[in-house]
>>> print(open('input_35.cif').read())   # mmCIF, C-alpha atoms
data_input
#
loop_
_atom_site.label_atom_id
_atom_site.label_comp_id
_atom_site.auth_asym_id
_atom_site.auth_seq_id
_atom_site.Cartn_x
_atom_site.Cartn_y
_atom_site.Cartn_z
CA MET A 1452 0.00 0.00 0.00
CA SER A 1453 1.22 3.53 -0.81
CA ARG A 1454 2.16 5.65 2.16
CA ILE A 1455 0.41 9.00 2.16
CA GLY A 1456 1.39 12.15 3.99
CA ALA A 1457 -0.92 14.37 6.01
CA PHE A 1458 -1.50 16.89 3.21
CA GLU A 1459 -1.96 14.11 0.66
CA GLU A 1460 -4.61 12.62 2.91
CA LEU A 1461 -6.44 15.96 3.13
CA VAL A 1462 -6.38 16.36 -0.66
CA LEU A 1463 -7.62 12.80 -1.12
CA LEU A 1464 -10.49 13.45 1.30
CA ALA A 1465 -11.39 16.68 -0.54
CA VAL A 1466 -11.40 14.85 -3.90
CA LEU A 1467 -13.55 12.12 -2.38
CA GLY A 1468 -16.00 14.67 -0.96
CA LEU A 1469 -16.36 16.41 -4.32
CA ASP A 1470 -17.45 13.10 -5.83
CA GLY A 1471 -15.91 13.32 -9.29
CA SER A 1472 -16.39 17.07 -9.76
CA GLY A 1473 -13.19 18.18 -8.03
CA TYR A 1474 -10.61 20.21 -9.94
CA GLY A 1475 -7.74 22.49 -8.87
CA VAL A 1476 -9.79 25.47 -7.69
CA SER A 1477 -12.67 23.56 -6.11
CA ILE A 1478 -10.29 21.21 -4.27
CA ARG A 1479 -8.33 24.18 -2.96
CA ASP A 1480 -11.59 25.92 -1.92
CA GLU A 1481 -12.73 22.80 -0.07
CA LEU A 1482 -9.41 22.51 1.77
CA GLU A 1483 -9.42 26.19 2.76
CA ALA A 1484 -13.02 25.98 3.99
CA GLU A 1485 -12.37 22.93 6.15
CA THR A 1486 -8.91 23.79 7.49
CA GLY A 1487 -9.40 27.55 7.80
CA GLU A 1488 -5.92 28.03 6.32
CA THR A 1489 -4.70 29.61 3.10
CA ILE A 1490 -3.66 26.83 0.73
CA SER A 1491 -1.43 27.38 -2.28
CA LEU A 1492 -2.86 26.27 -5.61
CA GLY A 1493 0.64 25.12 -6.57
CA ALA A 1494 0.82 22.85 -3.54
CA VAL A 1495 -2.55 21.34 -4.54
CA TYR A 1496 -1.34 20.68 -8.11
CA ALA A 1497 1.91 19.14 -6.92
CA THR A 1498 0.04 16.89 -4.47
CA LEU A 1499 -2.50 15.82 -7.10
CA ASP A 1500 0.42 14.93 -9.41
CA ARG A 1501 1.96 12.77 -6.70
CA LEU A 1502 -1.36 11.09 -5.88
CA GLU A 1503 -1.94 10.34 -9.56
CA ARG A 1504 1.56 8.87 -9.94
CA LYS A 1505 0.82 6.63 -6.95
CA GLY A 1506 -2.45 5.55 -8.58
CA LEU A 1507 -4.57 6.99 -5.77
CA VAL A 1508 -6.54 9.41 -7.99
CA ARG A 1509 -7.47 9.41 -11.67
CA SER A 1510 -8.05 12.49 -13.78
CA THR A 1511 -10.01 13.26 -16.92
CA VAL A 1512 -10.25 16.44 -18.97
CA GLY A 1513 -13.68 18.07 -18.78
CA SER A 1514 -15.39 20.52 -21.12
CA ALA A 1515 -14.64 24.23 -21.47
CA THR A 1516 -16.55 26.96 -19.64
CA ALA A 1517 -16.82 30.69 -20.34
CA GLU A 1518 -15.67 31.69 -16.85
CA ARG A 1519 -12.39 29.87 -17.56
CA GLY A 1520 -11.83 31.62 -20.89
CA GLY A 1521 -12.84 28.54 -22.86
CA ARG A 1522 -10.26 26.40 -21.10
CA ARG A 1523 -11.04 22.92 -19.90
CA LYS A 1524 -10.81 21.60 -16.34
CA ARG A 1525 -8.96 18.52 -15.20
CA VAL A 1526 -11.37 16.74 -12.89
CA PHE A 1527 -10.23 14.19 -10.32
CA ARG A 1528 -11.76 11.09 -8.81
CA VAL A 1529 -10.38 8.85 -6.06
CA SER A 1530 -9.40 5.39 -7.36
CA ALA A 1531 -10.12 2.11 -5.58
CA THR A 1532 -6.48 2.14 -4.40
CA GLY A 1533 -7.00 5.66 -3.05
CA THR A 1534 -10.11 4.62 -1.13
CA ALA A 1535 -8.19 1.68 0.34
CA ALA A 1536 -5.32 3.99 1.35
CA LEU A 1537 -7.76 6.31 3.14
CA ARG A 1538 -9.37 3.38 4.98
CA ALA A 1539 -5.95 2.14 6.04
CA MET A 1540 -5.05 5.58 7.37
CA GLN A 1541 -8.32 5.74 9.33
CA ARG A 1542 -7.63 2.30 10.81
CA ILE A 1543 -4.11 3.29 11.84
CA ARG A 1544 -5.40 6.50 13.43
CA SER A 1545 -8.11 4.72 15.41
CA GLN A 1546 -5.67 2.03 16.59
CA LEU A 1547 -3.09 4.59 17.65
CA GLY A 1548 -5.75 6.61 19.44
CA ALA A 1549 -7.19 3.62 21.32
CA PRO A 1550 -6.04 3.03 24.93
CA ALA A 1551 -3.09 0.65 25.08
CA PRO A 1552 -3.78 -2.74 26.75
CA ALA A 1553 -2.62 -2.87 30.33
CA ARG A 1554 0.81 -4.49 30.74
CA THR A 1555 1.21 -7.10 33.45
CA MET B 957 10.96 16.18 -8.61
CA PRO B 958 12.37 19.66 -7.89
CA ASN B 959 9.84 22.46 -8.23
CA ALA B 960 11.41 24.11 -11.27
CA LEU B 961 11.37 20.81 -13.18
CA SER B 962 7.76 20.03 -12.36
CA LEU B 963 6.79 23.54 -13.43
CA VAL B 964 8.53 22.96 -16.78
CA ALA B 965 6.63 19.68 -17.13
CA TRP B 966 3.34 21.49 -16.49
CA ILE B 967 4.09 24.25 -19.00
CA VAL B 968 5.19 21.89 -21.75
CA ASP B 969 2.08 19.73 -21.36
CA ARG B 970 -0.66 21.54 -23.33
CA ASP B 971 -3.56 20.02 -21.36
CA ARG B 972 -1.90 20.87 -18.07
CA ARG B 973 -1.16 24.41 -19.19
CA GLU B 974 -4.80 24.83 -20.22
CA GLU B 975 -5.94 23.49 -16.83
CA ILE B 976 -3.75 25.88 -14.86
CA LEU B 977 -4.55 28.94 -16.98
CA GLY B 978 -8.25 28.07 -16.75
CA ASP B 979 -8.07 27.81 -12.96
CA LEU B 980 -6.26 31.15 -12.78
CA SER B 981 -8.86 32.78 -15.10
CA GLU B 982 -11.58 31.58 -12.78
CA LEU B 983 -9.77 32.99 -9.75
CA ARG B 984 -9.04 36.31 -11.47
CA ALA B 985 -12.78 36.88 -11.85
CA ARG B 986 -13.55 36.43 -8.16
CA GLU B 987 -10.44 37.39 -6.17
CA SER B 988 -8.77 40.65 -5.29
CA ALA B 989 -5.65 41.49 -7.31
CA ALA B 990 -3.43 40.67 -4.33
CA ALA B 991 -5.01 37.27 -3.78
CA PHE B 992 -4.84 36.49 -7.49
CA TRP B 993 -1.12 37.29 -7.75
CA ARG B 994 -0.48 35.29 -4.60
CA ASP B 995 -2.10 32.35 -6.38
CA VAL B 996 0.04 32.89 -9.49
CA LEU B 997 3.16 32.91 -7.33
CA GLY B 998 1.86 29.87 -5.47
CA VAL B 999 1.68 27.98 -8.76
CA CYS B 1000 5.18 29.11 -9.77
CA LEU B 1001 6.78 28.44 -6.43
CA HIS B 1002 4.66 25.61 -5.04
CA ALA B 1003 4.69 27.71 -1.89
CA PRO B 1004 5.13 27.21 0.99
CA ARG B 1005 7.45 24.29 0.22
CA VAL B 1006 9.92 26.15 -1.89
CA ARG B 1007 13.59 26.91 -1.96
CA ARG B 1008 14.41 30.38 -3.09
CA TRP B 1009 16.61 29.34 -6.04
CA ALA B 1010 14.04 26.95 -7.42
CA GLY B 1011 11.25 29.49 -7.11
CA THR B 1012 13.19 32.24 -8.83
CA ALA B 1013 14.28 29.93 -11.64
CA ALA B 1014 10.74 28.66 -12.08
CA ALA B 1015 9.22 32.14 -12.15
CA LEU B 1016 11.71 33.31 -14.78
CA LEU B 1017 11.13 30.16 -16.80
CA LEU B 1018 7.36 30.64 -16.65
CA LEU B 1019 7.72 34.15 -18.00
CA GLY B 1020 10.03 32.96 -20.81
CA VAL B 1021 7.79 30.10 -21.84
CA ALA B 1022 4.70 32.31 -21.67
CA VAL B 1023 6.32 34.62 -24.21
CA ILE B 1024 7.43 31.75 -26.46
CA THR B 1025 4.08 29.98 -26.38
CA ARG B 1026 1.86 32.97 -27.05
CA ASP B 1027 0.45 31.29 -30.16
CA PRO B 1028 -1.77 28.49 -28.84
CA GLY B 1029 -1.44 26.53 -32.12
CA HIS B 1030 -4.04 24.09 -33.38
CA ARG B 1031 -6.66 22.94 -30.89
CA ILE B 1032 -10.23 21.80 -30.73
CA VAL B 1033 -12.42 22.92 -27.83
CA THR B 1034 -15.83 21.58 -26.91
CA ALA B 1035 -18.12 23.78 -24.80
CA ARG B 1036 -21.75 24.17 -23.89
CA ASP B 1037 -24.24 27.00 -23.46
CA ALA B 1038 -27.96 27.23 -22.73
CA ALA B 1039 -28.90 26.27 -26.29
CA GLY B 1040 -26.65 23.22 -26.58
CA SER B 1041 -23.07 22.26 -27.30
CA PHE B 1042 -20.57 23.72 -29.73
CA VAL B 1043 -17.09 22.85 -30.95
CA LEU B 1044 -14.50 25.38 -32.11
CA GLU B 1045 -11.42 24.40 -34.09
CA PHE B 1046 -8.65 26.96 -33.71
CA ASP B 1047 -5.63 27.51 -35.89
CA GLY B 1048 -3.61 29.94 -33.79
CA LEU B 1049 -6.01 32.65 -32.72
CA ARG B 1050 -8.49 32.12 -35.58
CA VAL B 1051 -11.42 29.76 -35.59
CA VAL B 1052 -11.27 27.78 -38.83
CA ARG B 1053 -14.20 25.44 -38.27
CA ALA B 1054 -17.12 25.22 -35.91
CA THR B 1055 -19.89 22.82 -35.05
CA LEU B 1056 -23.18 23.77 -33.39
CA ASP B 1057 -25.08 20.97 -31.70
CA GLY B 1058 -23.20 18.38 -33.77
CA ALA B 1059 -23.86 20.08 -37.13
CA PRO B 1060 -20.94 21.67 -39.03
CA VAL B 1061 -21.30 25.43 -39.51
CA ALA B 1062 -20.95 26.72 -43.10
CA ALA B 1063 -18.03 29.12 -43.60
CA ASP B 1064 -20.35 32.04 -44.45
CA ARG B 1065 -21.95 31.74 -41.00
CA LEU B 1066 -18.59 32.31 -39.29
CA VAL B 1067 -18.09 36.08 -39.04
CA GLN B 1068 -14.73 36.90 -37.51
CA ASP B 1069 -12.79 40.12 -37.12
CA ASP B 1070 -10.58 41.85 -34.59
CA GLY B 1071 -11.08 39.60 -31.64
CA ARG B 1072 -14.75 38.91 -32.23
CA LEU B 1073 -16.43 35.87 -33.69
CA VAL B 1074 -20.12 35.57 -34.43
CA ILE B 1075 -21.53 32.22 -35.41
CA ARG B 1076 -24.84 32.87 -37.10
CA GLY B 1077 -27.44 30.67 -35.51
CA GLY B 1078 -29.12 27.87 -37.34
CA ALA B 1079 -32.74 26.89 -37.00
CA GLY B 1080 -33.82 26.92 -33.36
CA SER B 1081 -31.08 29.08 -31.87
CA GLY B 1082 -29.75 32.63 -31.90
CA ASP B 1083 -26.24 33.86 -32.76
CA LEU B 1084 -23.31 32.73 -30.66
CA ASN B 1085 -21.11 35.74 -29.81
CA ILE B 1086 -17.54 34.97 -28.85
CA ARG B 1087 -14.74 37.29 -27.80
CA LEU B 1088 -11.28 35.97 -28.67
CA ARG B 1089 -8.33 37.20 -26.64
CA PRO B 1090 -4.69 37.42 -27.73
CA ASP B 1091 -3.65 34.89 -25.07
CA GLY B 1092 -5.82 32.22 -26.75
CA SER B 1093 -8.65 32.36 -24.22
CA PHE B 1094 -12.20 33.08 -25.31
CA TYR B 1095 -15.46 34.07 -23.66
CA TRP B 1096 -18.98 33.74 -24.98
CA ARG B 1097 -22.48 34.98 -24.40
CA GLY B 1098 -24.76 31.99 -24.36
CA ARG B 1099 -27.23 31.57 -27.19
CA VAL B 1100 -30.85 31.96 -26.23
CA PRO B 1101 -32.91 29.02 -27.38
CA LEU B 1102 -35.57 30.31 -29.80
CA THR B 1103 -39.09 29.18 -29.18
CA PRO B 1104 -41.78 29.28 -31.84
CA SER B 1105 -43.88 32.46 -31.69
CA THR B 1106 -47.43 32.03 -30.47
CA HIS B 1107 -48.66 35.15 -32.31
#
>>> encode(input="input_35.cif", output="structure tokens")
Amino acid sequence: MSRIGAFEELVLLAVLGLDGSGYGVSIRDELEAETGETISLGAVYATLDRLERKGLVRSTVGSATAERGGRRKRVFRVSATGTAALRAMQRIRSQLGAPAPART
Amino acid sequence: MPNALSLVAWIVDRDRREEILGDLSELRARESAAAFWRDVLGVCLHAPRVRRWAGTAAALLLLGVAVITRDPGHRIVTARDAAGSFVLEFDGLRVVRATLDGAPVAADRLVQDDGRLVIRGGAGSGDLNIRLRPDGSFYWRGRVPLTPSTH
């Protein structure tokens, strides 16, 4: 399984939440809304590149819109491997957060 | 991959360049100038994870490539408005062919001059007015679907 960093995990969760409609700006907006921090668009692109190289997200080119000057979006969707990586991270977090068994 | 190299990869890849410029166009329409330029720098520098040398090199490279690649070349763009879909085939900054709702548009219905393109509407739709910009981007006013008169 691919190891994912904390920011990669946040981006993956944002892509998952946008359910196939996520692209650079909307993913960044989602991250800023949920974290309350200013997120660089460049950092989002670089992370999406890494996630795609790891096979955790897939991208397709969408259609053009007027607000984008006739330029197309690249929309992202979490792959099955990406979903598995997120589940694994959740499991690790819950195990680490659980009280340790008493030692005798 | 170092930041400057990944930026080169993005600029050389036409689809990726289109994606980034489209995102920035969208942001330019809704953000203050300061926030917009912060975003442009963020793309160039991958801030906050940036080393100064890589960021400077990348920013200079972006400027150089932007100048070199002013002509967007040949491309086909599919888009949609209220009346349906349309396809524009560009050669540089000129539209050489168009399709409205799947039907090719005759050359005499393509009226183009000085940054403006009007595609005369066929049956069932009005004209499609498009403004073409020197950077290869374009904006349109959606056609209004024509309904049969009841008078």
>>> atom_distance(input="input_35.cif", atom1="atom CA of Arg1099 of chain B", atom2="atom CA of Val1051 of chain B")
18.0 Å
>>> closest_residue(input="input_35.cif", among="B:Asp1091, B:Glu982, B:Asp1047, B:Glu987", to="chain A", atoms="only C-alpha atoms")
B:Glu982
>>> closest_atom_pairs(input="input_35.cif", of="chain A", to="chain B", cutoff="7 Å", atoms="all atoms listed in the file", output="JSON lines")
{"residue": "A:Gly1475", "atom": "CA", "partner": "B:Asp979", "partner_atom": "CA", "distance": 6.7}
{"residue": "A:Val1476", "atom": "CA", "partner": "B:Asp979", "partner_atom": "CA", "distance": 6.0}
{"residue": "A:Ser1491", "atom": "CA", "partner": "B:Gly998", "partner_atom": "CA", "distance": 5.2}
{"residue": "A:Leu1492", "atom": "CA", "partner": "B:Val999", "partner_atom": "CA", "distance": 5.8}
{"residue": "A:Gly1493", "atom": "CA", "partner": "B:Val999", "partner_atom": "CA", "distance": 3.7}
{"residue": "A:Ala1494", "atom": "CA", "partner": "B:His1002", "partner_atom": "CA", "distance": 5.0}
{"residue": "A:Ser1514", "atom": "CA", "partner": "B:Ala1035", "partner_atom": "CA", "distance": 5.6}
{"residue": "A:Ala1515", "atom": "CA", "partner": "B:Ala1035", "partner_atom": "CA", "distance": 4.8}
{"residue": "A:Thr1516", "atom": "CA", "partner": "B:Ala1035", "partner_atom": "CA", "distance": 6.3}
{"residue": "A:Ala1517", "atom": "CA", "partner": "B:Tyr1095", "partner_atom": "CA", "distance": 4.9}
{"residue": "A:Glu1518", "atom": "CA", "partner": "B:Glu982", "partner_atom": "CA", "distance": 5.8}
{"residue": "A:Arg1519", "atom": "CA", "partner": "B:Gly978", "partner_atom": "CA", "distance": 4.6}
{"residue": "A:Gly1520", "atom": "CA", "partner": "B:Ser1093", "partner_atom": "CA", "distance": 4.7}
{"residue": "A:Gly1521", "atom": "CA", "partner": "B:Phe1094", "partner_atom": "CA", "distance": 5.2}
{"residue": "A:Arg1522", "atom": "CA", "partner": "B:Gly978", "partner_atom": "CA", "distance": 5.1}
{"residue": "A:Arg1523", "atom": "CA", "partner": "B:Glu975", "partner_atom": "CA", "distance": 6.0}
{"residue": "A:Lys1524", "atom": "CA", "partner": "B:Glu975", "partner_atom": "CA", "distance": 5.2}
{"residue": "A:Arg1525", "atom": "CA", "partner": "B:Glu975", "partner_atom": "CA", "distance": 6.0}
>>> atom_distance(input="input_35.cif", atom1="atom CA of Leu1537 of chain A", atom2="atom CA of Ala965 of chain B")
28.2 Å
>>> residues_near_point(input="input_35.cif", point="(-15.4, 14.4, -12.3)", cutoff="10 Å", atoms="all atoms listed in the file", output="list in words")
Val1466, Leu1469, Asp1470, Gly1471, Ser1472, Gly1473, Tyr1474, Arg1509, Ser1510, Thr1511, Val1512, Gly1513, Lys1524, Arg1525, Val1526, Phe1527, Arg1528 and Val1529 of chain A
>>> residues_around(input="input_35.cif", residues="Ala1059 of chain B", least_positions_apart="4", cutoff="9 Å", atoms="all atoms listed in the file", output="MDAnalysis selection string")
chainID B and resid 1042 1054:1055
>>> residues_around(input="input_35.cif", residues="Val1074 of chain B", least_positions_apart="6", cutoff="9 Å", atoms="all atoms listed in the file", output="MDAnalysis selection string")
chainID B and resid 1065:1068 1083:1087
>>> closest_residue(input="input_35.cif", among="A:Val1495, A:Ala1465, A:Ile1478, A:Leu1507", to="Thr1534 of chain A", atoms="all atoms listed in the file")
A:Leu1507
>>> atom_distance(input="input_35.cif", atom1="atom CA of Gly1077 of chain B", atom2="atom CA of Gly1029 of chain B")
26.5 Å
>>> residues_around(input="input_35.cif", residues="Thr1498 of chain A", least_positions_apart="6", cutoff="8 Å", atoms="all atoms listed in the file", output="MDAnalysis selection string")
chainID A and resid 1458:1459 1462
>>> closest_residue(input="input_35.cif", among="B:Phe1046, B:Gly1040, B:Ala991, B:Pro1090", to="Gly1058 of chain B", atoms="only C-alpha atoms")
B:Gly1040
>>> resolve_selection(input="input_35.cif", expression="the PyMOL selection byres ((chain A and resi 1455) around 9)", output="mmCIF file with C-alpha atoms, keeping the file's coordinate frame")
data_model
loop_
_atom_site.group_PDB
_atom_site.id
_atom_site.type_symbol
_atom_site.label_atom_id
_atom_site.label_comp_id
_atom_site.auth_asym_id
_atom_site.auth_seq_id
_atom_site.Cartn_x
_atom_site.Cartn_y
_atom_site.Cartn_z
ATOM 1 C CA SER A 1453 1.220 3.530 -0.810
ATOM 2 C CA ARG A 1454 2.160 5.650 2.160
ATOM 3 C CA GLY A 1456 1.390 12.150 3.990
ATOM 4 C CA ALA A 1457 -0.920 14.370 6.010
ATOM 5 C CA PHE A 1458 -1.500 16.890 3.210
ATOM 6 C CA GLU A 1459 -1.960 14.110 0.660
ATOM 7 C CA GLU A 1460 -4.610 12.620 2.910
ATOM 8 C CA LEU A 1502 -1.360 11.090 -5.880
ATOM 9 C CA ALA A 1536 -5.320 3.990 1.350
ATOM 10 C CA LEU A 1537 -7.760 6.310 3.140
ATOM 11 C CA MET A 1540 -5.050 5.580 7.370
#
>>> decode(input="input_35.cif", residues="segment 1479-1510 of chain A", atoms="N, CA and C atoms", output="compact mmCIF listing (two decimals), in the first residue's frame")
# COMPACT_ATOMS: atom_id res chain seq x y z
N ARG A 1479 -8.97 23.19 -3.83
CA ARG A 1479 -8.33 24.18 -2.96
C ARG A 1479 -9.38 24.88 -2.08
N ASP A 1480 -10.52 25.26 -2.69
CA ASP A 1480 -11.59 25.92 -1.92
C ASP A 1480 -12.07 25.04 -0.77
N GLU A 1481 -12.26 23.76 -1.07
CA GLU A 1481 -12.73 22.80 -0.07
C GLU A 1481 -11.72 22.70 1.09
N LEU A 1482 -10.45 22.62 0.74
CA LEU A 1482 -9.41 22.51 1.77
C LEU A 1482 -9.37 23.77 2.64
N GLU A 1483 -9.47 24.94 1.99
CA GLU A 1483 -9.42 26.19 2.76
C GLU A 1483 -10.63 26.31 3.67
N ALA A 1484 -11.81 25.88 3.17
CA ALA A 1484 -13.02 25.98 3.99
C ALA A 1484 -12.93 25.08 5.21
N GLU A 1485 -12.38 23.89 5.03
CA GLU A 1485 -12.37 22.93 6.15
C GLU A 1485 -11.21 23.15 7.11
N THR A 1486 -10.06 23.63 6.59
CA THR A 1486 -8.91 23.79 7.49
C THR A 1486 -8.83 25.21 8.05
N GLY A 1487 -9.48 26.16 7.37
CA GLY A 1487 -9.40 27.55 7.80
C GLY A 1487 -8.05 28.17 7.50
N GLU A 1488 -7.24 27.51 6.66
CA GLU A 1488 -5.92 28.03 6.32
C GLU A 1488 -5.86 28.41 4.85
N THR A 1489 -4.91 29.27 4.50
CA THR A 1489 -4.70 29.61 3.10
C THR A 1489 -3.85 28.51 2.47
N ILE A 1490 -4.36 27.94 1.39
CA ILE A 1490 -3.66 26.83 0.73
C ILE A 1490 -3.20 27.29 -0.64
N SER A 1491 -1.97 27.00 -0.98
CA SER A 1491 -1.43 27.38 -2.28
C SER A 1491 -1.96 26.45 -3.38
N LEU A 1492 -2.39 27.07 -4.49
CA LEU A 1492 -2.86 26.27 -5.61
C LEU A 1492 -1.73 25.37 -6.14
N GLY A 1493 -0.50 25.90 -6.11
CA GLY A 1493 0.64 25.12 -6.57
C GLY A 1493 0.86 23.88 -5.73
N ALA A 1494 0.66 24.01 -4.42
CA ALA A 1494 0.82 22.85 -3.54
C ALA A 1494 -0.25 21.80 -3.84
N VAL A 1495 -1.46 22.28 -4.19
CA VAL A 1495 -2.55 21.34 -4.54
C VAL A 1495 -2.20 20.59 -5.83
N TYR A 1496 -1.71 21.33 -6.84
CA TYR A 1496 -1.34 20.68 -8.11
C TYR A 1496 -0.25 19.64 -7.88
N ALA A 1497 0.78 20.04 -7.13
CA ALA A 1497 1.91 19.14 -6.92
C ALA A 1497 1.45 17.87 -6.19
N THR A 1498 0.54 18.05 -5.23
CA THR A 1498 0.04 16.89 -4.47
C THR A 1498 -0.83 16.00 -5.36
N LEU A 1499 -1.66 16.62 -6.19
CA LEU A 1499 -2.50 15.82 -7.10
C LEU A 1499 -1.62 15.03 -8.07
N ASP A 1500 -0.53 15.65 -8.53
CA ASP A 1500 0.42 14.93 -9.41
C ASP A 1500 0.96 13.69 -8.71
N ARG A 1501 1.38 13.89 -7.46
CA ARG A 1501 1.96 12.77 -6.70
C ARG A 1501 0.92 11.68 -6.49
N LEU A 1502 -0.30 12.08 -6.14
CA LEU A 1502 -1.36 11.09 -5.88
C LEU A 1502 -1.68 10.32 -7.16
N GLU A 1503 -1.63 11.02 -8.30
CA GLU A 1503 -1.94 10.34 -9.56
C GLU A 1503 -0.81 9.37 -9.92
N ARG A 1504 0.43 9.78 -9.68
CA ARG A 1504 1.56 8.87 -9.94
C ARG A 1504 1.48 7.62 -9.07
N LYS A 1505 0.97 7.78 -7.86
CA LYS A 1505 0.82 6.63 -6.95
C LYS A 1505 -0.43 5.81 -7.27
N GLY A 1506 -1.24 6.29 -8.20
CA GLY A 1506 -2.45 5.55 -8.58
C GLY A 1506 -3.60 5.75 -7.61
N LEU A 1507 -3.53 6.79 -6.78
CA LEU A 1507 -4.57 6.99 -5.77
C LEU A 1507 -5.72 7.86 -6.29
N VAL A 1508 -5.46 8.66 -7.33
CA VAL A 1508 -6.54 9.41 -7.99
C VAL A 1508 -6.38 9.22 -9.49
N ARG A 1509 -7.49 9.43 -10.20
CA ARG A 1509 -7.47 9.41 -11.67
C ARG A 1509 -8.04 10.74 -12.14
N SER A 1510 -7.53 11.21 -13.28
CA SER A 1510 -8.05 12.49 -13.78
C SER A 1510 -8.54 12.35 -15.21
